[in-house]
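Taking it in order: structure first as structure tokens, then the write-up.
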Amino acid sequence: MPATPKIQERVDALHELLHHHAHRYYVLDEPEIPDTEYDKLFRELQELEDKHPELLTPDSPTQRVGGKLLEGFAKVRHKVPMLSIRTETDIEASGARNFDGRVRRELGLAESDPPIEYVAELKFDGLALNLRYEDGVLVQAATRGDGEIGEDVTQNIRTIGQIPLRLPKDVPAVLEVRGEVYIRRDDFEKLNELQREKIAQGAKGEKTFVNPRNAAAGAVRQLDPAIARQRPLSFFAYGWGEVTPPEQGGPAFAAHFEALLTLRSWGFPVSARTQLATGADELIAYHQAVGQERDSLPFDIDGVVYKVNSLALQKQLGFVSREPRWAVAHKYPAQEQLTTVQAIEVQVGRTGKLTPVAKLAPVFVGGVTVTNATLHNEDEVHRKDVRVGDTVIVRRAGDVIPEVVSVLPEKRVPGARIFKMPANCPVCGSDAVREEGEANHRCTGGLFCGAQRKQAILHFAQRRALDIEGLGEKLVDQMVEANVIKALPDLYRLGLNALSSLDRMADKSAQNVLAALEKSKQTTLPRFLYGLGVRHVGEATAKDLARYFGKLDAIMDASAEQLLEVPDVGPVVAESIHTFFQQPHNREVVEQLRACGVTWDEGEPAARAPKPLAGKTIVLTGTLPTLSRDEAKDMLEAAGAKVAGSVSKKTDYVVAGAEAGSKLDKARELGVAVLDEEGLKELLRGRT
Ligand code: IVH
């Protein structure tokens, strides 16, 4: 069928669109549309070109394997081209049968012939790399580029701990290992959290990354190796390129799996999920099993890959255009999709953090239907410029909370309004504040705010605070949900009836909880202060405050300036304590707790008490003969010392008891003074 002008027009438009998006994806590592949208446009063009071959030009985006090259890296011609794999279009597990069927047909096998042996692998969602070793030394790392010519990224790759720089003695003279460089999901979250903090602190030119693959690609292709080094990259090997042939002393592999095991023995990470599978049924089973595990894997995969195991059969099967006939990619539902934002709500987290959340038109992403996606904080909403009515890319990978990745600006409805963070907590109405240098707004309602109540109770009850035995997460959940406890003091008003009416609460355990509550009433000022869960007030600060002021009322009435006088209390902490006790409902909670009988010995302001160990840093390790770890810590802190968790050059003393381990070794290595319990007591008496 001859092409009409309209078809020609569409083909031109598709060229332009695909060139644009390929540039965003491959060169800038900043895609504007999800992969599935790109694939759709790509397929549309492919189909038009199939129907009207006269429209196919050599510069068509369909004629290119990979992307363009970034200026600034040396070019590398691959000795063996880096090919791509064909994707099985049937996304159901049964799609594996299509591949097996094709392979058997190509090989001319009859139904009665035995099943084919495959290797089933994960399809890692990162960036393909070729690592070249000569005489066992890494000499070059290159990206795939367009398959023929890639970029020399050796400097950046050298910083990846999982990639060996030197191999054992028995490796072939030339060895090219191929695999995927990627970023683990937890590393990705941390990286973006860090980026968000940098942005909050006003750093210029910083951005968050849209997904782990883009972050990995960006890191590998980062022109500054110092920046690349800060990105947490990982690597899996799944193949090879040029290798010294057997006649020149190279390895004589007969099968893919065997070769991967050898690579593993040479120190390359090969996924534990890479395994043999015989026949279509086992491929299907693999696709299903991995599909179920996908969310709990520590990294993103977009599918699985099946490869014919026998290298002789691979050779026999050969290639069509630039794709091997012996391998196929079998995908899972995409982890990024387009949808629209119907509203932006603000949720209050367990620590009072206010998170803007996009309410979405339901969309199927990463295997589930998503209706909410996090927007993290106010800066992120503004940086991405997300507004109600916008068409956005949402991403859901693993059990990580779905997030809005970016907006499609051309789809914005006129008049869409810029988001503004509310001035008050949407749950309790207290002031919402954003501290300087902080990315997040927080509700100042503290214990009074229902959203924070569960966490507040657990914090109050924990061992190092009021130490209420038996008051764990399940019980607290039930109490708050049944509305038995609206504020902390309600804990001490619980009767046996209220407690035993909760689900699965036997009389005996209810009695135990009541006894534990009773016991907890006799406490200490530092424990009580810490238990209140004032932001930035950890155990050490609570002790400092108690020691400095002696009495709770003095702390509650202190100005931010007075609080600043406490050793180790800085402006952020002082402001936080002051704001907390300025909120009438927090003062009310304290009063009620006291009225319920929570009590402690108050002391005199001890600011002027001698501090023989002020400025000293001490590490405790092992078991001391008579003092518990907490007792020793309390005594040291009372004398002005800082008790640290790890030994460094700055450590003044290590106090070591029985079965002291690596900390003692480290102290000896660094020449730090080591004391036993007797030595510690001497030190406290000011005699050492
Ligand atoms: S094999 C000739 N195995 O998927 C076969 N590729 O288009 C070459 N990928 O760019 C590739 N996991 O980056 C192979 N287990 C795996 C893979 C894998 C991810 C990527 C690779 C390549 C693309 C295939």
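In the structure tokens, the first chain shown is A, the next is B, and so on; residue numbers restart at 1 for each chain, and ligands run from 1 in the order shown.
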
Selection as a short mmCIF file (atom, residue, chain, number, x, y, z; two decimals) with C-alpha atoms, in the first residue's frame: residues within 6 Å of ligand 1 by only C-alpha atoms and all ligand atoms:
data_model
loop_
_atom_site.label_atom_id
_atom_site.label_comp_id
_atom_site.auth_asym_id
_atom_site.auth_seq_id
_atom_site.Cartn_x
_atom_site.Cartn_y
_atom_site.Cartn_z
CA LEU A 83 24.00 -6.89 20.81
CA SER A 84 20.58 -6.47 22.25
CA ILE A 85 18.00 -9.18 22.86
CA GLU A 121 18.62 -15.21 34.30
CA LEU A 122 17.26 -12.01 35.75
CA LYS A 123 17.03 -9.05 33.40
CA PHE A 124 18.81 -6.42 35.45
CA ASP A 125 17.63 -2.89 34.90
CA LEU A 127 23.51 -0.21 32.07
CA ALA A 128 25.44 -2.78 30.00
CA GLU A 180 25.06 -4.88 34.05
CA TYR A 238 25.99 -12.33 32.50
CA VAL A 305 16.22 -13.58 30.13
CA PRO A 324 20.56 -13.54 18.71
#

Exercise. Asp431 in chain A: which residues within 7 Å, counting only C-alpha atoms, same-chain residues fewer than 4 positions away excluded, as a ChimeraX atom specification?
Worked result: /A:423-425,443-444

Residue selection dump (all heavy atoms) as an mmCIF file, in the first residue's frame:
data_model
loop_
_atom_site.group_PDB
_atom_site.id
_atom_site.type_symbol
_atom_site.label_atom_id
_atom_site.label_comp_id
_atom_site.auth_asym_id
_atom_site.auth_seq_id
_atom_site.Cartn_x
_atom_site.Cartn_y
_atom_site.Cartn_z
ATOM 1 N N ALA A 423 -0.137 25.646 56.626
ATOM 2 C CA ALA A 423 0.565 26.218 57.781
ATOM 3 C C ALA A 423 0.275 25.415 59.051
ATOM 4 O O ALA A 423 0.960 25.564 60.050
ATOM 5 C CB ALA A 423 0.146 27.665 57.969
ATOM 6 N N ASN A 424 -0.753 24.573 58.981
ATOM 7 C CA ASN A 424 -1.121 23.785 60.163
ATOM 8 C C ASN A 424 -1.180 22.303 59.836
ATOM 9 O O ASN A 424 -1.446 21.922 58.702
ATOM 10 C CB ASN A 424 -2.486 24.232 60.682
ATOM 11 C CG ASN A 424 -2.442 25.655 61.152
ATOM 12 O OD1 ASN A 424 -2.671 26.575 60.374
ATOM 13 N ND2 ASN A 424 -2.091 25.847 62.404
ATOM 14 N N CYS A 425 -0.968 21.495 60.872
ATOM 15 C CA CYS A 425 -1.039 20.054 60.694
ATOM 16 C C CYS A 425 -2.471 19.661 60.324
ATOM 17 O O CYS A 425 -3.416 20.033 61.024
ATOM 18 C CB CYS A 425 -0.636 19.359 61.995
ATOM 19 S SG CYS A 425 -0.977 17.599 61.997
ATOM 20 N N CYS A 443 4.819 18.647 62.052
ATOM 21 C CA CYS A 443 3.752 19.070 62.935
ATOM 22 C C CYS A 443 4.368 19.277 64.312
ATOM 23 O O CYS A 443 5.115 18.435 64.797
ATOM 24 C CB CYS A 443 2.685 17.979 62.987
ATOM 25 S SG CYS A 443 1.590 18.132 64.403
ATOM 26 N N THR A 444 4.055 20.417 64.962
ATOM 27 C CA THR A 444 4.605 20.663 66.296
ATOM 28 C C THR A 444 3.689 20.105 67.387
ATOM 29 O O THR A 444 3.922 20.311 68.560
ATOM 30 C CB THR A 444 4.789 22.180 66.537
ATOM 31 O OG1 THR A 444 3.563 22.821 66.197
ATOM 32 C CG2 THR A 444 5.916 22.731 65.677
#

Problem set entry | Closest of A:Val365, A:Leu354, A:Ala510, A:Val308 to Arg442 in chain A - atom-to-atom distances counting only C-alpha atoms |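 The shortest atom-to-atom distance to Arg442 in chain A comes from A:Leu354.
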
How close does range 465-536 of chain A get to range 591-603 of chain A? List, as JSON lines, each residue of range 465-536 of chain A within 6 Å, its nearest atom pair and the distance in Å to one decimal, counting only C-alpha atoms.
{"residue": "A:Pro489", "atom": "CA", "partner": "A:Leu593", "partner_atom": "CA", "distance": 5.1}
{"residue": "A:Lys521", "atom": "CA", "partner": "A:Val598", "partner_atom": "CA", "distance": 4.2}
{"residue": "A:Gln522", "atom": "CA", "partner": "A:Thr599", "partner_atom": "CA", "distance": 5.3}
{"residue": "A:Thr523", "atom": "CA", "partner": "A:Trp600", "partner_atom": "CA", "distance": 5.1}
{"residue": "A:Thr524", "atom": "CA", "partner": "A:Trp600", "partner_atom": "CA", "distance": 4.8}
{"residue": "A:Leu525", "atom": "CA", "partner": "A:Trp600", "partner_atom": "CA", "distance": 5.9}

Quick one: write out the picked residues with N, CA, C and O atoms as a short mmCIF file (atom, residue, chain, number, x, y, z; two decimals), in the first residue's frame?
data_model
loop_
_atom_site.label_atom_id
_atom_site.label_comp_id
_atom_site.auth_asym_id
_atom_site.auth_seq_id
_atom_site.Cartn_x
_atom_site.Cartn_y
_atom_site.Cartn_z
N PRO A 489 -0.99 10.19 79.00
CA PRO A 489 -1.45 9.94 80.37
C PRO A 489 -2.52 8.85 80.47
O PRO A 489 -2.65 8.20 81.50
N LYS A 521 6.23 4.09 86.94
CA LYS A 521 5.96 5.44 87.45
C LYS A 521 7.15 6.02 88.20
O LYS A 521 7.36 7.22 88.20
N GLN A 522 7.88 5.17 88.88
CA GLN A 522 9.08 5.64 89.57
C GLN A 522 10.22 5.65 88.55
O GLN A 522 10.71 4.60 88.15
N THR A 523 10.59 6.83 88.11
CA THR A 523 11.58 6.88 87.04
C THR A 523 12.66 7.91 87.35
O THR A 523 12.85 8.28 88.52
N THR A 524 13.38 8.34 86.33
CA THR A 524 14.39 9.40 86.54
C THR A 524 14.05 10.54 85.59
O THR A 524 13.36 10.33 84.59
N LEU A 525 14.57 11.73 85.88
CA LEU A 525 14.27 12.88 85.02
C LEU A 525 14.80 12.67 83.59
O LEU A 525 14.06 12.92 82.63
#

Exercise. Range 311-316 of chain A: which residues within 8 Å, counting only C-alpha atoms, same-chain residues fewer than 3 positions away excluded, as a PyMOL selection string?
Worked result: chain A and resi 107+253-256+308+325-326

Problem set entry | All alpha helix (DSSP H) residues (DSSP, backbone) inside range 462-676 of chain A, as JSON, numbers by chain | {"A": [473, 474, 475, 476, 477, 478, 479, 480, 481, 496, 497, 498, 499, 500, 507, 508, 509, 510, 511, 512, 513, 514, 515, 516, 517, 518, 519, 520, 525, 526, 527, 528, 529, 530, 531, 539, 540, 541, 542, 543, 544, 545, 546, 547, 548, 549, 552, 553, 554, 555, 556, 560, 561, 562, 563, 564, 571, 572, 573, 574, 575, 576, 577, 578, 579, 580, 581, 582, 584, 585, 586, 587, 588, 589, 590, 591, 592, 593, 594, 595, 629, 630, 631, 632, 633, 634, 635, 636, 637, 638, 662, 663, 664, 665, 666, 667, 668, 669, 670]}

Interface rows for range 570-647 of chain A against range 527-534 of chain A: nearest pair, Å to one decimal, 8 Å, only C-alpha atoms, as a Markdown table:
| residue | atom | partner | partner_atom | distance |
| --- | --- | --- | --- | --- |
| A:Ser576 | CA | A:Val534 | CA | 7.3 |
| A:Ile577 | CA | A:Val534 | CA | 6.5 |
| A:Phe580 | CA | A:Val534 | CA | 6.6 |

So that I can see what lies close to Lys359 in chain A, please list as an mmCIF file with C-alpha atoms, in the first residue's frame the residues with an atom at most 10 Å from it, counting only C-alpha atoms and leaving out residues fewer than 3 positions away in the same chain.
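Resulting contents of result.cif:
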data_model
loop_
_atom_site.group_PDB
_atom_site.id
_atom_site.type_symbol
_atom_site.label_atom_id
_atom_site.label_comp_id
_atom_site.auth_asym_id
_atom_site.auth_seq_id
_atom_site.Cartn_x
_atom_site.Cartn_y
_atom_site.Cartn_z
ATOM 1 C CA THR A 340 -3.103 12.020 36.322
ATOM 2 C CA VAL A 341 -2.998 13.790 39.669
ATOM 3 C CA GLN A 342 -6.489 14.236 41.085
ATOM 4 C CA ALA A 343 -5.470 15.955 44.302
ATOM 5 C CA ILE A 344 -2.470 16.634 46.503
ATOM 6 C CA GLU A 345 -3.036 15.761 50.155
ATOM 7 C CA PRO A 356 2.605 15.734 50.320
ATOM 8 C CA PRO A 362 -5.814 4.397 39.502
ATOM 9 C CA VAL A 370 -1.610 2.444 42.559
ATOM 10 C CA THR A 371 -3.747 5.397 43.703
ATOM 11 C CA ASN A 372 -1.288 7.273 45.957
ATOM 12 C CA ALA A 373 2.270 8.368 45.311
ATOM 13 C CA THR A 374 4.632 10.254 47.548
ATOM 14 C CA VAL A 388 -3.431 19.019 40.456
#

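Interatomic distance, CA of Arg166 in chain A against CA of Gly72 in chain A: 26.7 Å.
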
Seminar exercise, completed: For Met556 in chain A, the closest of A:Gly95, A:Gly661, A:Pro584, A:Pro61 counting only C-alpha atoms is A:Pro584

Problem set entry | Which of A:Lys663, A:Phe581, A:Ser94, A:Phe236 sits closest to Ala644 in chain A [using only C-alpha atoms] |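 Distance minimum relative to Ala644 in chain A lands on A:Lys663.
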
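On the backbone of this structure, DSSP gives strand (DSSP E) within range 634-677 of chain A to Lys642, Val643, Ala644, Tyr653, Val654, Val655, Ala656, Ala673, Val674 and Leu675 of chain A.
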
C-alpha atoms of the current selection, written as a CSV table (one decimal), in the first residue's frame:
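And here's result_13.csv as it stands now:
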chain,number,residue,atom,x,y,z
A,642,LYS,CA,31.4,11.7,75.8
A,643,VAL,CA,30.8,7.9,75.4
A,644,ALA,CA,31.3,6.9,71.7
A,653,TYR,CA,40.3,5.9,76.4
A,654,VAL,CA,38.9,2.5,75.7
A,655,VAL,CA,37.4,0.7,78.7
A,656,ALA,CA,37.6,-3.0,78.0
A,673,ALA,CA,45.0,4.0,76.2
A,674,VAL,CA,43.1,0.9,77.5
A,675,LEU,CA,41.6,0.7,80.9

Exercise. How many Å separate CA of Thr57 in chain A from CA of Asp90 in chain A?
Worked result: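 Pair CA of Thr57 in chain A / CA of Asp90 in chain A returns 29.1 Å.
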
Exercise. Which is closest to Lys616 in chain A among A:Leu260, A:Tyr492, A:Lys551, A:Leu684, if we use only C-alpha atoms?
Worked result: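 Ranked by minimum distance to Lys616 in chain A, first place goes to A:Leu684.
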
Problem set entry | Of the listed residues A:Ser430, A:Leu494, A:Met505, A:Val139, that which approaches Glu518 in chain A most closely, counting only C-alpha atoms |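 Among A:Ser430, A:Leu494, A:Met505, A:Val139, it is A:Leu494 that comes nearest to Glu518 in chain A.
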